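Here is the file final.txt (compact mmCIF, C-alpha atoms).
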# COMPACT_ATOMS: atom_id res chain seq x y z
CA MET P 1 54.33 -15.03 251.67
CA LEU P 2 54.84 -11.57 253.10
CA HIS P 3 57.43 -9.58 251.21
CA LEU P 4 58.45 -6.70 253.46
CA SER P 5 60.10 -3.57 252.22
CA ARG P 6 63.39 -2.49 253.76
CA LEU P 7 62.96 -1.90 257.47
CA THR P 8 63.54 1.85 257.07
CA SER P 9 67.08 2.52 258.24
CA LEU P 10 66.86 0.27 261.27
CA ALA P 11 68.14 -3.21 261.82
CA LEU P 12 65.83 -4.64 264.44
CA THR P 13 67.21 -7.44 266.53
CA ILE P 14 64.73 -9.43 268.52
CA ALA P 15 66.90 -11.98 270.32
CA ILE P 16 70.00 -11.49 272.42
CA VAL P 17 72.14 -14.51 271.75
CA ILE P 18 75.16 -15.76 273.61
CA GLY P 19 76.81 -18.87 272.25
CA ALA P 20 73.85 -18.95 269.85
CA PRO P 21 72.95 -16.76 266.88
CA CYS P 22 72.47 -13.06 267.49
CA ALA P 23 69.81 -12.37 264.91
CA PHE P 24 69.10 -9.09 263.21
CA ALA P 25 67.07 -7.76 260.34
CA ALA P 26 68.19 -7.26 256.78
CA GLU P 27 70.37 -4.19 257.19
CA THR P 28 72.23 -2.21 259.81
CA ALA P 29 71.24 1.28 260.76
CA LYS P 30 72.66 4.62 259.93
CA PRO P 31 73.21 6.71 263.05
CA ALA P 32 69.90 8.18 264.19
CA THR P 33 69.36 11.23 266.36
CA ALA P 34 66.69 11.84 268.95
CA ALA P 35 64.17 14.56 268.36
CA THR P 36 65.02 16.28 271.61
CA THR P 37 67.48 19.15 271.80
CA LYS P 38 70.99 18.12 272.76
CA ALA P 39 71.93 18.92 276.33
CA PRO P 40 75.26 20.66 277.02
CA LEU P 41 78.20 18.38 277.79
CA PRO P 42 78.62 17.68 281.54
CA LEU P 43 82.04 19.28 281.97
CA ASP P 44 82.50 18.23 285.60
CA GLU P 45 81.91 14.57 284.76
CA LEU P 46 84.24 14.78 281.76
CA ARG P 47 86.98 16.23 283.97
CA THR P 48 86.40 13.37 286.43
CA PHE P 49 86.63 10.86 283.58
CA ALA P 50 89.94 12.33 282.43
CA GLU P 51 91.25 12.34 286.00
CA VAL P 52 90.27 8.68 286.49
CA MET P 53 92.12 7.73 283.30
CA ASP P 54 95.23 9.56 284.49
CA ARG P 55 95.10 7.91 287.93
CA ILE P 56 94.70 4.43 286.43
CA LYS P 57 97.58 4.94 284.01
CA ALA P 58 99.80 6.22 286.80
CA ALA P 59 98.91 3.87 289.66
CA TYR P 60 97.54 0.60 288.25
CA VAL P 61 99.74 -2.40 288.97
CA GLU P 62 100.40 -2.98 285.25
CA PRO P 63 100.71 -0.49 282.37
CA VAL P 64 97.41 0.17 280.56
CA ASP P 65 97.24 2.00 277.23
CA ASP P 66 94.69 4.66 276.34
CA LYS P 67 92.98 2.47 273.70
CA THR P 68 92.21 -0.27 276.22
CA LEU P 69 90.89 2.18 278.79
CA LEU P 70 88.67 3.97 276.29
CA GLU P 71 87.24 0.73 274.86
CA ASN P 72 86.50 -0.51 278.39
CA ALA P 73 84.76 2.78 279.13
CA ILE P 74 82.60 2.40 276.02
CA LYS P 75 81.72 -1.18 276.98
CA GLY P 76 80.77 0.02 280.45
CA MET P 77 78.46 2.69 279.00
CA LEU P 78 76.56 0.11 276.95
CA ASN P 79 76.58 -2.79 279.44
CA ASN P 80 75.03 -0.66 282.17
CA LEU P 81 72.08 0.51 280.05
CA ASP P 82 70.24 -2.83 279.85
CA PRO P 83 71.10 -6.52 279.31
CA HIS P 84 70.72 -6.26 275.52
CA SER P 85 72.77 -3.18 274.65
CA ALA P 86 76.42 -3.80 273.84
CA TYR P 87 79.56 -2.49 272.17
CA LEU P 88 80.57 -4.80 269.32
CA GLY P 89 84.24 -5.08 268.42
CA PRO P 90 85.26 -6.24 264.93
CA GLU P 91 84.91 -9.97 265.77
CA ASP P 92 81.58 -9.57 267.55
CA PHE P 93 80.18 -7.39 264.75
CA ALA P 94 81.28 -9.87 262.08
CA GLU P 95 79.70 -12.73 264.04
CA LEU P 96 76.45 -10.79 264.34
CA GLN P 97 76.37 -10.21 260.59
CA GLU P 98 76.97 -13.89 259.81
CA SER P 99 74.70 -15.44 262.43
CA THR P 100 71.38 -15.25 260.58
CA SER P 101 72.63 -17.75 258.00
CA GLY P 102 71.95 -20.48 260.58
CA GLU P 103 75.59 -21.62 260.87
CA PHE P 104 77.92 -20.42 263.62
CA GLY P 105 80.40 -21.58 266.20
CA GLY P 106 79.50 -22.05 269.85
CA LEU P 107 77.65 -24.18 272.37
CA GLY P 108 74.09 -23.62 271.18
CA ILE P 109 72.63 -21.75 274.14
CA GLU P 110 70.82 -18.47 274.56
CA VAL P 111 71.67 -16.75 277.84
CA GLY P 112 70.74 -13.64 279.78
CA ALA P 113 71.69 -11.98 283.06
CA GLU P 114 69.72 -12.26 286.29
CA ASP P 115 70.77 -10.99 289.72
CA GLY P 116 74.41 -10.92 288.69
CA PHE P 117 74.38 -14.49 287.36
CA ILE P 118 74.36 -15.87 283.83
CA LYS P 119 71.07 -17.68 283.16
CA VAL P 120 70.19 -20.02 280.31
CA VAL P 121 67.20 -18.66 278.38
CA SER P 122 67.00 -21.72 276.13
CA PRO P 123 69.16 -24.41 274.58
CA ILE P 124 68.87 -24.71 270.79
CA ASP P 125 67.76 -28.04 269.37
CA ASP P 126 70.43 -30.48 268.10
CA THR P 127 73.39 -28.55 269.53
CA PRO P 128 76.05 -29.53 272.11
CA ALA P 129 74.08 -27.70 274.82
CA SER P 130 70.78 -29.50 274.18
CA LYS P 131 72.50 -32.88 273.79
CA ALA P 132 74.31 -32.34 277.11
CA GLY P 133 70.96 -31.83 278.85
CA ILE P 134 71.29 -28.10 279.60
CA GLN P 135 67.81 -26.68 280.29
CA ALA P 136 66.10 -23.31 280.18
CA GLY P 137 66.36 -21.69 283.62
CA ASP P 138 69.74 -23.22 284.52
CA PHE P 139 72.21 -20.78 286.09
CA ILE P 140 75.81 -20.92 284.86
CA VAL P 141 77.77 -20.27 288.05
CA LYS P 142 81.23 -21.22 286.76
CA ILE P 143 82.96 -21.46 283.38
CA ASN P 144 85.99 -23.76 283.46
CA GLY P 145 86.08 -23.38 287.23
CA GLN P 146 85.96 -19.56 287.20
CA PRO P 147 82.91 -18.00 288.94
CA THR P 148 80.61 -15.95 286.73
CA ARG P 149 79.12 -13.94 289.59
CA GLY P 150 79.56 -10.24 288.84
CA GLN P 151 80.82 -10.78 285.29
CA SER P 152 79.19 -8.95 282.41
CA MET P 153 77.53 -11.09 279.78
CA THR P 154 80.19 -9.99 277.30
CA GLU P 155 82.92 -11.36 279.57
CA ALA P 156 81.04 -14.63 280.08
CA ILE P 157 80.45 -14.97 276.35
CA ASP P 158 84.13 -14.46 275.58
CA LYS P 159 85.01 -17.27 278.00
CA MET P 160 82.47 -19.63 276.47
CA ARG P 161 83.74 -19.01 272.97
CA GLY P 162 86.79 -20.75 271.59
CA LYS P 163 88.11 -23.09 268.97
CA VAL P 164 85.73 -25.66 267.52
CA GLY P 165 86.31 -29.05 269.14
CA GLU P 166 87.77 -27.68 272.37
CA LYS P 167 86.00 -28.82 275.53
CA ILE P 168 84.52 -26.48 278.10
CA THR P 169 83.09 -27.24 281.54
CA LEU P 170 80.07 -25.30 282.78
CA THR P 171 79.00 -25.49 286.41
CA LEU P 172 75.22 -25.24 286.59
CA VAL P 173 72.61 -24.77 289.31
CA ARG P 174 69.11 -26.03 288.51
CA ASP P 175 66.00 -25.20 290.55
CA GLY P 176 68.06 -24.13 293.56
CA GLY P 177 69.77 -27.51 293.82
CA ALA P 178 73.44 -28.41 294.25
CA PRO P 179 75.90 -27.25 291.56
CA PHE P 180 76.88 -29.84 288.96
CA ASP P 181 79.31 -29.85 286.04
CA VAL P 182 78.54 -30.36 282.37
CA THR P 183 81.45 -30.79 279.95
CA LEU P 184 80.78 -30.24 276.27
CA ALA P 185 82.75 -29.45 273.12
CA ARG P 186 82.39 -26.26 271.11
CA ALA P 187 81.10 -26.92 267.63
CA ILE P 188 80.00 -25.35 264.40
CA ILE P 189 76.28 -25.08 265.01
CA GLN P 190 74.13 -25.76 261.98
CA VAL P 191 70.57 -25.08 262.97
CA LYS P 192 67.61 -26.00 260.79
CA SER P 193 65.05 -23.46 261.87
CA VAL P 194 61.89 -25.37 260.84
CA LYS P 195 60.94 -29.02 261.32
CA SER P 196 57.58 -30.57 260.44
CA GLN P 197 55.71 -33.87 260.34
CA LEU P 198 52.26 -35.40 260.66
CA LEU P 199 51.52 -36.39 264.26
CA GLU P 200 48.76 -38.61 262.91
CA SER P 201 46.36 -38.48 260.00
CA GLY P 202 44.93 -34.97 259.70
CA TYR P 203 47.13 -33.28 262.29
CA GLY P 204 50.34 -31.45 261.43
CA TYR P 205 53.24 -30.35 263.61
CA ILE P 206 55.60 -27.46 262.85
CA ARG P 207 58.50 -26.62 265.17
CA ILE P 208 60.49 -23.41 264.77
CA THR P 209 63.79 -23.55 266.68
CA GLN P 210 64.72 -19.91 265.94
CA PHE P 211 63.82 -17.18 263.47
CA GLN P 212 66.40 -16.95 260.69
CA VAL P 213 66.23 -15.01 257.43
CA LYS P 214 64.54 -17.88 255.54
CA THR P 215 62.25 -19.11 258.32
CA GLY P 216 59.10 -17.63 256.75
CA GLU P 217 59.87 -19.41 253.48
CA GLU P 218 60.58 -22.67 255.33
CA VAL P 219 57.24 -22.52 257.16
CA SER P 220 55.48 -22.00 253.83
CA LYS P 221 57.17 -25.14 252.47
CA ALA P 222 56.34 -27.07 255.65
CA LEU P 223 52.62 -26.22 255.32
CA ALA P 224 52.61 -27.36 251.69
CA LYS P 225 54.38 -30.63 252.58
CA LEU P 226 51.97 -31.38 255.42
CA ARG P 227 49.00 -30.93 253.08
CA LYS P 228 50.64 -33.18 250.49
CA ASP P 229 51.53 -35.88 253.03
CA ASN P 230 48.03 -35.81 254.47
CA GLY P 231 46.42 -36.04 251.03
CA LYS P 232 43.68 -33.56 251.93
CA LYS P 233 43.02 -30.48 254.05
CA LEU P 234 44.40 -30.78 257.57
CA ASN P 235 42.19 -30.89 260.66
CA GLY P 236 44.63 -28.92 262.78
CA ILE P 237 48.22 -27.76 263.28
CA VAL P 238 50.48 -27.46 266.33
CA LEU P 239 53.01 -24.62 266.04
CA ASP P 240 55.77 -25.32 268.56
CA LEU P 241 57.75 -22.26 269.73
CA ARG P 242 59.04 -23.72 272.99
CA ASN P 243 62.68 -22.85 273.78
CA ASN P 244 62.82 -20.62 270.70
CA PRO P 245 65.09 -17.66 271.64
CA GLY P 246 63.87 -15.41 268.82
CA GLY P 247 65.69 -13.98 265.83
CA VAL P 248 64.79 -11.88 262.82
CA LEU P 249 61.73 -9.64 263.18
CA GLN P 250 60.83 -9.85 259.50
CA SER P 251 60.70 -13.65 259.67
CA ALA P 252 58.37 -13.54 262.68
CA VAL P 253 56.04 -11.26 260.72
CA GLU P 254 56.16 -13.60 257.71
CA VAL P 255 55.28 -16.62 259.86
CA VAL P 256 52.22 -14.89 261.34
CA ASP P 257 51.19 -13.84 257.83
CA HIS P 258 50.98 -17.52 256.83
CA PHE P 259 48.20 -18.04 259.39
CA ILE P 260 45.98 -14.93 259.15
CA THR P 261 44.18 -13.13 256.34
CA LYS P 262 44.06 -9.59 257.71
CA GLY P 263 44.93 -7.37 260.64
CA LEU P 264 47.89 -5.98 262.53
CA ILE P 265 50.76 -8.31 263.44
CA VAL P 266 53.12 -6.14 265.53
CA TYR P 267 54.20 -2.55 265.97
CA THR P 268 57.10 -0.81 267.68
CA LYS P 269 57.40 2.48 269.59
CA GLY P 270 60.56 4.34 270.57
CA ARG P 271 62.10 7.79 270.99
CA ILE P 272 63.59 8.18 267.53
CA ALA P 273 61.14 8.81 264.69
CA ASN P 274 62.08 5.89 262.45
CA SER P 275 61.85 3.36 265.28
CA GLU P 276 58.04 3.38 265.00
CA LEU P 277 57.05 0.61 262.60
CA ARG P 278 53.82 -1.28 261.90
CA PHE P 279 53.44 -4.65 260.17
CA SER P 280 50.13 -6.06 258.92
CA ALA P 281 48.96 -9.19 257.12
CA THR P 282 48.99 -9.33 253.33
CA GLY P 283 45.90 -11.53 253.03
CA LYS P 284 47.49 -14.89 252.21
CA ASP P 285 46.56 -17.52 254.78
CA GLU P 286 48.56 -20.57 253.68
CA SER P 287 47.25 -22.57 256.65
CA GLU P 288 43.72 -22.65 255.13
CA ALA P 289 42.32 -21.39 258.47
CA VAL P 290 42.53 -24.82 260.12
CA PRO P 291 42.49 -24.93 263.96
CA LEU P 292 45.84 -23.91 265.42
CA VAL P 293 47.51 -24.42 268.79
CA VAL P 294 50.72 -22.54 269.62
CA LEU P 295 53.02 -24.05 272.26
CA ILE P 296 55.23 -21.70 274.34
CA ASN P 297 57.27 -21.90 277.55
CA GLY P 298 59.74 -19.85 279.57
CA GLY P 299 62.37 -20.34 276.86
CA SER P 300 60.17 -18.72 274.19
CA ALA P 301 61.57 -15.24 273.75
CA SER P 302 61.38 -12.18 271.56
CA ALA P 303 60.33 -13.06 267.99
CA SER P 304 58.57 -16.15 269.40
CA GLU P 305 56.53 -13.87 271.61
CA ILE P 306 55.64 -11.65 268.65
CA VAL P 307 54.21 -14.67 266.83
CA ALA P 308 52.36 -16.07 269.85
CA GLY P 309 51.03 -12.64 270.87
CA ALA P 310 49.81 -11.77 267.37
CA LEU P 311 48.02 -15.10 266.84
CA GLN P 312 46.52 -14.83 270.33
CA ASP P 313 45.27 -11.26 269.86
CA GLN P 314 43.85 -12.04 266.42
CA LYS P 315 41.90 -14.99 267.93
CA ARG P 316 43.57 -17.22 265.38
CA ALA P 317 45.18 -19.71 267.76
CA VAL P 318 44.90 -21.16 271.23
CA VAL P 319 48.18 -20.49 273.04
CA MET P 320 49.13 -23.35 275.35
CA GLY P 321 52.03 -24.08 277.71
CA THR P 322 53.63 -21.74 280.26
CA THR P 323 54.35 -18.00 280.33
CA SER P 324 57.04 -16.92 277.88
CA PHE P 325 60.36 -15.19 278.64
CA GLY P 326 59.27 -11.56 278.31
CA LYS P 327 61.78 -9.88 275.99
CA GLY P 328 59.82 -7.14 274.27
CA SER P 329 62.58 -4.71 273.32
CA VAL P 330 64.05 -3.87 269.92
CA GLN P 331 67.78 -3.45 269.36
CA THR P 332 69.27 -1.26 266.63
CA VAL P 333 72.73 -1.94 265.21
CA LEU P 334 74.61 1.31 264.58
CA PRO P 335 77.83 0.76 262.60
CA LEU P 336 80.90 2.71 263.69
CA ASN P 337 84.22 3.14 261.96
CA ASN P 338 86.92 0.44 262.04
CA ASP P 339 84.37 -2.41 261.65
CA ARG P 340 82.81 -1.78 265.04
CA ALA P 341 79.20 -1.16 266.01
CA LEU P 342 76.82 -0.31 268.82
CA LYS P 343 73.82 -2.50 269.54
CA ILE P 344 71.41 -0.40 271.57
CA THR P 345 67.81 -0.75 272.66
CA THR P 346 65.71 1.78 270.75
CA ALA P 347 62.09 0.65 271.06
CA LEU P 348 59.54 -1.72 272.55
CA TYR P 349 57.30 -3.92 270.46
CA TYR P 350 53.57 -4.33 271.02
CA THR P 351 51.03 -6.99 270.10
CA PRO P 352 47.99 -6.01 267.95
CA ASN P 353 45.94 -5.23 271.08
CA GLY P 354 48.64 -2.90 272.38
CA ARG P 355 50.23 -5.23 274.92
CA SER P 356 53.88 -4.71 275.76
CA ILE P 357 55.51 -8.07 276.43
CA GLN P 358 58.60 -6.56 278.06
CA ALA P 359 59.36 -8.21 281.42
CA GLN P 360 55.89 -9.85 281.47
CA GLY P 361 55.77 -12.32 278.60
CA ILE P 362 52.85 -13.97 276.86
CA VAL P 363 50.45 -15.72 279.23
CA PRO P 364 48.99 -18.86 277.59
CA ASP P 365 45.25 -19.26 277.15
CA ILE P 366 45.58 -22.74 278.65
CA GLU P 367 48.41 -23.40 281.09
CA VAL P 368 49.98 -26.82 280.65
CA ARG P 369 53.17 -27.50 282.54
CA LYS P 370 55.84 -29.96 281.50
CA ALA P 371 55.19 -33.46 282.82
CA LYS P 372 56.28 -37.04 282.28
CA ILE P 373 54.01 -39.42 280.42
CA THR P 374 53.63 -42.99 281.62
CA ASN P 375 51.84 -45.20 279.13
CA GLU P 376 49.85 -48.10 280.50
CA GLN P 377 49.23 -51.04 278.22
CA ASP P 378 45.70 -52.50 278.03
CA SER P 379 46.56 -55.30 275.60
CA GLU P 380 46.03 -57.87 278.36
CA TYR P 381 42.29 -57.18 278.31
CA PHE P 382 40.35 -59.44 275.95
CA LYS P 383 37.55 -57.96 273.92
CA GLU P 384 34.30 -59.49 272.73
CA ALA P 385 35.82 -59.94 269.28
CA ASP P 386 38.54 -62.19 270.81
CA LEU P 387 36.01 -64.72 272.11
CA GLN P 388 35.53 -67.86 270.07
CA GLY P 389 32.10 -68.03 268.49
CA HIS P 390 31.24 -64.37 269.12
CA LEU P 391 28.35 -62.81 267.24
CA GLY P 392 29.05 -60.57 264.30
CA ASN P 393 28.23 -56.88 264.17
CA GLY P 394 24.57 -56.30 263.37
CA ASN P 395 25.39 -53.57 260.87
CA GLY P 396 27.97 -55.63 259.04
CA GLY P 397 30.99 -53.87 260.50
CA ALA P 398 34.35 -55.60 260.77
CA ASP P 399 35.45 -57.22 264.04
CA LYS P 400 37.93 -55.29 266.17
CA PRO P 401 39.89 -57.77 268.29
CA THR P 402 42.79 -56.90 270.61
CA THR P 403 45.70 -55.64 268.55
CA SER P 404 49.28 -56.72 269.13
CA GLY P 405 52.57 -55.07 268.32
CA LYS P 406 53.94 -51.63 269.10
CA ALA P 407 53.02 -48.55 267.12
CA LYS P 408 55.70 -46.34 265.58
CA PRO P 409 57.02 -43.89 268.22
CA MET P 410 55.71 -40.35 267.74
CA PRO P 411 56.76 -37.04 269.35
CA GLN P 412 53.54 -36.77 271.38
CA ASP P 413 54.16 -40.15 273.03
CA ASP P 414 56.55 -38.69 275.62
CA ASP P 415 55.78 -34.96 275.34
CA TYR P 416 52.87 -34.11 277.65
CA GLN P 417 52.38 -30.54 276.41
CA LEU P 418 52.35 -31.67 272.77
CA ALA P 419 49.95 -34.49 273.59
CA GLN P 420 47.58 -32.00 275.23
CA ALA P 421 47.81 -29.71 272.21
CA LEU P 422 46.91 -32.58 269.90
CA SER P 423 43.97 -33.56 272.12
CA LEU P 424 42.67 -29.98 272.01
CA LEU P 425 42.93 -29.92 268.21
CA LYS P 426 40.93 -33.15 267.98
CA GLY P 427 38.23 -31.64 270.17
CA LEU P 428 38.11 -28.48 268.06
CA SER P 429 37.89 -30.60 264.90
CA ILE P 430 34.93 -32.56 266.28
CA THR P 431 32.98 -29.43 267.23
CA ARG P 432 33.72 -27.69 263.91
CA ASN P 433 32.43 -30.67 261.94
CA HIS P 434 29.07 -30.82 263.72
What's the structure tokens form of this structure?
Amino acid sequence: MLHLSRLTSLALTIAIVIGAPCAFAAETAKPATAATTKAPLPLDELRTFAEVMDRIKAAYVEPVDDKTLLENAIKGMLNNLDPHSAYLGPEDFAELQESTSGEFGGLGIEVGAEDGFIKVVSPIDDTPASKAGIQAGDFIVKINGQPTRGQSMTEAIDKMRGKVGEKITLTLVRDGGAPFDVTLARAIIQVKSVKSQLLESGYGYIRITQFQVKTGEEVSKALAKLRKDNGKKLNGIVLDLRNNPGGVLQSAVEVVDHFITKGLIVYTKGRIANSELRFSATGKDESEAVPLVVLINGGSASASEIVAGALQDQKRAVVMGTTSFGKGSVQTVLPLNNDRALKITTALYYTPNGRSIQAQGIVPDIEVRKAKITNEQDSEYFKEADLQGHLGNGNGGADKPTTSGKAKPMPQDDDYQLAQALSLLKGLSITRNH
């Protein structure tokens, strides 16, 4: 397993999370300065700012204190930079620090802003949002009857947060259709970041729902368990990153390191000197180099895209599904006094071949869109072995009559993309063994 040193003085956050965990690396950053010479203060603009404060205090319909006005001004500075930069008050900063443990309060959705609306990036597995049927790409147009149009994400987040157990109604628009309401209860979200099982003999399945601090370790354990359950070396593995909103950069690097023996995994570039980092493999391929298919979709963001992009560039995996979300920026958490912090975008990350994923995403090697599977039964067809008095097999093989009874349900039975990934792995296994 990859044991990374401290990430210099930066805490690199890969996923913006609203109502879901806001993940960040092992430590927060000390204030960093740009290499460029500081420009003189814009005195005219500062005078305008002071005049605006005075006018608001004198003329606004209700009294407003200086602290509120100044905090709102700070929030405005950060919110208007990009969708992922933000001013974190004491509660928000504390929540950010706790979120990578995998337990937090909320609805279980990752959201972003698009054209003035709040858009669902992805629902997190086994949370109120996923159980209520909320899907990636849904627009949240109202929260408890109040329109979200024009609201900042911070304002929308505050409205979606609340006491555990309280119900909240979201009005959604899906694929340009008519608005509809979904009512769900806020809950303590306990997310297991890694799930695994054998799809059938020889073929393993690993799903990562988000990248938490221990995700790399959990993937290592999942690989060992799959080998043990299979009783011998696997023929192939499906790594499912669909609807994974991202998380801790270090964990994404560790996951890639479990599947490759050498080479670059990811690097970052920014304006400040210590924002430029490079991560490479340590040489321990715990997957035993078996064929690998990585599943992604439009809800795969940030750290998920690092993993998919690295495995794609290193020719280690076939990436299948639909184009990913396209969040390729790095956020740094800069602590302030009074338990507050700034979360600002400081760099972009790049795949081993130098691709920036920002606003473009990872394009799969094989596009497979989501579809419904309809299974047709062929048990009504008799076979030669069902006929009375049939001849035996000339080579002494056992008869194979029509089988009856239903097989145990498996994930690939009603998941078209997963079924296609498994079929590809079987094909790769056949060609590798001949």
Excluding Glu384 (chain P) and its own-chain neighbours fewer than 4 positions away, which residues fall within 9 Å of it when counting all atoms listed in the file? Please give them as a short mmCIF file (atom, residue, chain, number, x, y, z; two decimals) with C-alpha atoms, keeping the file's coordinate frame.
data_model
loop_
_atom_site.label_atom_id
_atom_site.label_comp_id
_atom_site.auth_asym_id
_atom_site.auth_seq_id
_atom_site.Cartn_x
_atom_site.Cartn_y
_atom_site.Cartn_z
CA GLN P 388 35.53 -67.86 270.07
CA HIS P 390 31.24 -64.37 269.12
CA LEU P 391 28.35 -62.81 267.24
CA LYS P 400 37.93 -55.29 266.17
CA PRO P 401 39.89 -57.77 268.29
#
Which residues are near Lys370 (chain P)? Cut-off 10 Å, all atoms listed in the file, ignore same chain within fewer than 6 positions. Put them as a PDB file with C-alpha atoms, keeping the file's coordinate frame.
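That gives us result.pdb:
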ATOM      1  CA  ASN P 297      57.270 -21.900 277.550  1.00  0.00           C
ATOM      2  CA  GLY P 321      52.030 -24.080 277.710  1.00  0.00           C
ATOM      3  CA  THR P 322      53.630 -21.740 280.260  1.00  0.00           C
ATOM      4  CA  ASP P 415      55.780 -34.960 275.340  1.00  0.00           C
ATOM      5  CA  TYR P 416      52.870 -34.110 277.650  1.00  0.00           C
ATOM      6  CA  GLN P 417      52.380 -30.540 276.410  1.00  0.00           C
ATOM      7  CA  LEU P 418      52.350 -31.670 272.770  1.00  0.00           C
TER       8      LEU P 418
END
Thr431 (chain P) proximity check over P:Gly216, P:Pro291, P:Gly270, P:Pro42, using all atoms listed in the file: winner is P:Pro291
Work out how far CA of Val319 (chain P) is from CA of Asp414 (chain P), in Å to one decimal.
20.2 Å
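Going from CA of Ala419 (chain P) to CA of Gly247 (chain P) covers 27.0 Å.
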Could the centre and edge lengths of an axis-aligned box, enclosing all atoms of region 211-225 of chain P in the file with 4 Å extra on each side, be given in Å to one decimal as AutoDock Vina command-line options?
--center_x 59.5 --center_y -22.8 --center_z 257.6 --size_x 21.8 --size_y 23.6 --size_z 19.8
Given only C-alpha atoms as the basis, pick out the residue of P:Arg207, P:Arg278, P:Arg432, P:His258 nearest to Asn243 (chain P).
P:Arg207
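Proximity to Glu217 (chain P) at 9 Å, evaluated using only C-alpha atoms and with sequence-adjacent residues fewer than 4 positions away removed, yields Met1, Val213, Lys221, Ala222, Ser251, Glu254 and Val255 of chain P.
Among P:Asp181, P:Asp240, P:Asp175, P:Asp339, the residue with the shortest atom-to-atom distance to Ile206 (chain P), counting all atoms listed in the file, is P:Asp240.
Taking CA of Leu69 (chain P) as the reference point, CA of Phe49 (chain P) is found at 10.8 Å.
Proximity ranking of P:Asn235, P:Asp138, P:Asp92, P:Gly427 relative to Asp158 (chain P) places P:Asp92 first, based on only C-alpha atoms.
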Leaving out Ile143 (chain P) and any residue of its chain fewer than 6 positions from it, which residues lie within 7 Å of it when counting all atoms listed in the file, given as a ChimeraX atom specification?
/P:169-171
Determine, counting only C-alpha atoms, which protein, DNA and RNA residues have an atom within 12 Å of an atom of Lys163 (chain P); residues of the same chain fewer than 5 positions away are not included. Present the result as a count of residues only.
10
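Using all atoms listed in the file for every distance, the candidate list P:Leu223, P:Leu234, P:Ala86, P:Leu424 yields P:Ala86 as the residue closest to Thr332 (chain P).
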Restricting the calculation to only C-alpha atoms: of P:Ala421, P:Ile296, P:Leu226, P:Ala281, which residue gets closest to Gly204 (chain P)?
P:Leu226
Could you pull out every residue with an atom within 12 Å of (84.7, -2.8, 264.3), file coordinates, counting only C-alpha atoms, and send them as a PyMOL selection string?
chain P and resi 71+87-97+334-342
